Amino acid sequence: MTASLSFMRPFVRQRSGIAALAVAAALGATNFAGIPLAQAQLAPNASMSRAPLTFADIVDRVKGSVVSIHVVGGGAPKVAQLPTPNPRSGPRGRQAEPFSGIPGLPEDHPLNEFFKNLPRGGGGEGGGGNIPTLAQGSGFVISDDGFVVTNNHVIENASKIQLSFDDQTAKVDAELVGADQRTDIALLKIKSPSRKYPFVKFAPKDPRVGDWVIAVGNPFGFGGTVTAGIVSSLARDVGSGPYDYLQIDAAVNRGNSGGPTFNLDGEVVGVNTAIYSPSGGSVGIAFAVPAKTVNEVINQLRTSGSVSRGWLGVKIQNVDEDTAASLGLGETRGALINEVTLDGPAARAGLKNGDTILTVNGDKIADSRDLARRVAALSPNASAEIVVLRAGKEQQVAVRLGDFKDANGPVSTPAKAEPPKPASTTDLEALGLKLSGTKGGRDGVSIVDVDSASDAALKGLRVGDTIIEVSSQPVTSVEDVSKGLAEATKLGRRALLLRVRSGDQTRFVAVQLKKG
């Protein structure tokens, strides 16, 4: 048997302990902390005072505003699922395949019949030929005139969108107002202007880790399903853009996408968007777009049908400890420019590969995601004052931002060189590399050997990679690398910053220098 079912442990083993507790309470005994048991039961601390005996009253208030979404057409995956084993590979996954049984479970087992009869709710698999695809998701009403929030991936490319409420069997038609792929948020409008709908509001402040939350949605086609849990993290990076996600441990499954997560006041704190699961079902790790982000997005969607974001026109990477050491930075912060988009805002303002962005409009930049968020929060054509570290000195650069919609322009990557014709090989022991220049070459030097015990090997440098810059200076010979190494040693740097090309990709790598 390759899988097993776990059932609740019987209570019989606990009876003696319960009886002993009852006797102790009757005798006025104290617990191990020396507090009378009766007193401990009557004096809960402040945090426990918010734990409800039941969620029923909250559910009664909010359930009428939650809708099940039924989509025809599209072909985009309709369920957010983080695949295993790498949760950073993206938030979406395929819809459930028809149930094929639990491995090792006898065919006549009653659970087989139960799962076989589960509502399918439309596959969302993309289909084939002219067969229309069907999918289901969740959403919630945010105004009495019928504006509804859901996930973009639930309704993407849909030819028809219908909604149903938990207390009604009839479906109502809805139209797409606007969608934002970057946050995976979409805004719908119910096509029934004469009716007033129950609605919910967004929470005015962020939840705290450990706060109770309730998820309401349409998992597996079971509309109006309620699950409860707590907030597990406030700022989780799931590898899907620069925005942070709430992590919750409430059971979120296929079909919950686009549904709300409520706090104990019945306010929306997030929109359920992704799960981490090796099986496709809930394992207690779900991700929701925070209410603050959703509110900012839908305000723009409601006004203009799209979201406008500032655009700088650079590819960036984080500054780790070794990179900071190679740059002479006293702390690990900032965003290192790896590539500049040709004729983009950064290029027009004079920003260069190898510049490290330290502040934007006076605000310190923590890392590349922080920079992306701050720039995106500014309007296209806005002016931004940016401080960069260049050649060991800080410089201020004024940049007029572009529109993020124009973000797919070419970048200023070096031209691809012909395979180098080996010249003499130089062993730079301090870097753990052997390098070969090219006869008459102008585009870097080749790595011909890497010490497997060196930091260069640990950072992923490989034979065949080409070093094209050292400390942001172009490299045309092995001597240029040697000069950069000597300069870094003279300045007391413990790492040397290399710009390396591997195939069609370039990146900065800070290699620790060997001592002695």
# chains A, B, ... in the order shown; residues from 1 in each chain; ligands from 1
$ residues_around --residues "A:Asn253" --least-positions-apart "5" --cutoff "10 Å" --atoms "only C-alpha atoms" --output "PyMOL selection string"
chain A and resi 79-81+217-220+272+274-275+277+280-284+286
$ write_last_selection --atoms "C-alpha atoms" --output "PDB file, in the first residue's frame"
ATOM      1  CA  VAL A  79      -6.439  27.178  -9.989  1.00  0.00           C
ATOM      2  CA  ALA A  80      -3.470  28.723  -8.294  1.00  0.00           C
ATOM      3  CA  GLN A  81      -1.119  25.983  -7.183  1.00  0.00           C
ATOM      4  CA  GLY A 217     -15.138  30.026  -1.327  1.00  0.00           C
ATOM      5  CA  ASN A 218     -16.062  27.378  -3.862  1.00  0.00           C
ATOM      6  CA  PRO A 219     -13.545  24.506  -3.507  1.00  0.00           C
ATOM      7  CA  PHE A 220     -14.159  21.593  -5.897  1.00  0.00           C
ATOM      8  CA  ASN A 272      -6.779  33.609  -1.925  1.00  0.00           C
ATOM      9  CA  ALA A 274      -2.048  30.211  -4.539  1.00  0.00           C
ATOM     10  CA  ILE A 275      -1.332  27.059  -2.595  1.00  0.00           C
ATOM     11  CA  SER A 277       0.995  21.399  -2.441  1.00  0.00           C
ATOM     12  CA  GLY A 280      -2.833  19.494  -5.583  1.00  0.00           C
ATOM     13  CA  GLY A 281      -4.861  19.492  -2.358  1.00  0.00           C
ATOM     14  CA  SER A 282      -4.507  21.584   0.766  1.00  0.00           C
ATOM     15  CA  VAL A 283      -1.544  20.874   3.032  1.00  0.00           C
ATOM     16  CA  GLY A 284      -2.106  23.965   5.163  1.00  0.00           C
ATOM     17  CA  ALA A 286      -1.984  28.952   1.173  1.00  0.00           C
TER      18      ALA A 286
END
$ residues_around --residues "stretch 145-162 of chain A" --least-positions-apart "5" --cutoff "8 Å" --atoms "only C-alpha atoms" --output "number ranges by chain"
A: 69-80, 135-140, 171-175, 179-181, 184-193, 195-197, 257-259, 271, 273, 298
$ atom_distance --atom1 "atom CA of A:Leu358" --atom2 "atom CA of A:Lys459"
23.9 Å
$ residues_around --residues "A:Gly210" --least-positions-apart "5" --cutoff "12 Å" --atoms "only C-alpha atoms" --output "ChimeraX atom specification"
/A:47-48,50-51,229-234,246-250,263
$ write_last_selection --atoms "C-alpha atoms" --output "PDB file, in the first residue's frame"
ATOM      1  CA  SER A  47      -4.986  37.693  23.249  1.00  0.00           C
ATOM      2  CA  MET A  48      -7.236  34.759  24.115  1.00  0.00           C
ATOM      3  CA  ARG A  50     -10.439  37.373  20.724  1.00  0.00           C
ATOM      4  CA  ALA A  51     -10.653  33.623  20.143  1.00  0.00           C
ATOM      5  CA  GLY A 229      -6.943  29.075  10.387  1.00  0.00           C
ATOM      6  CA  ILE A 230      -4.387  31.691  11.312  1.00  0.00           C
ATOM      7  CA  VAL A 231      -2.063  34.077   9.505  1.00  0.00           C
ATOM      8  CA  SER A 232       1.292  32.298   9.229  1.00  0.00           C
ATOM      9  CA  SER A 233       3.359  35.066   7.577  1.00  0.00           C
ATOM     10  CA  LEU A 234       2.788  38.612   6.343  1.00  0.00           C
ATOM     11  CA  LEU A 246      -0.023  36.604   3.172  1.00  0.00           C
ATOM     12  CA  GLN A 247       0.502  32.991   4.142  1.00  0.00           C
ATOM     13  CA  ILE A 248      -2.408  31.321   5.921  1.00  0.00           C
ATOM     14  CA  ASP A 249      -2.991  27.791   7.173  1.00  0.00           C
ATOM     15  CA  ALA A 250      -6.734  27.650   6.521  1.00  0.00           C
ATOM     16  CA  ASN A 263     -10.617  38.634   9.901  1.00  0.00           C
TER      17      ASN A 263
END
$ atom_distance --atom1 "atom CA of A:Phe262" --atom2 "atom CA of A:Thr183"
19.1 Å
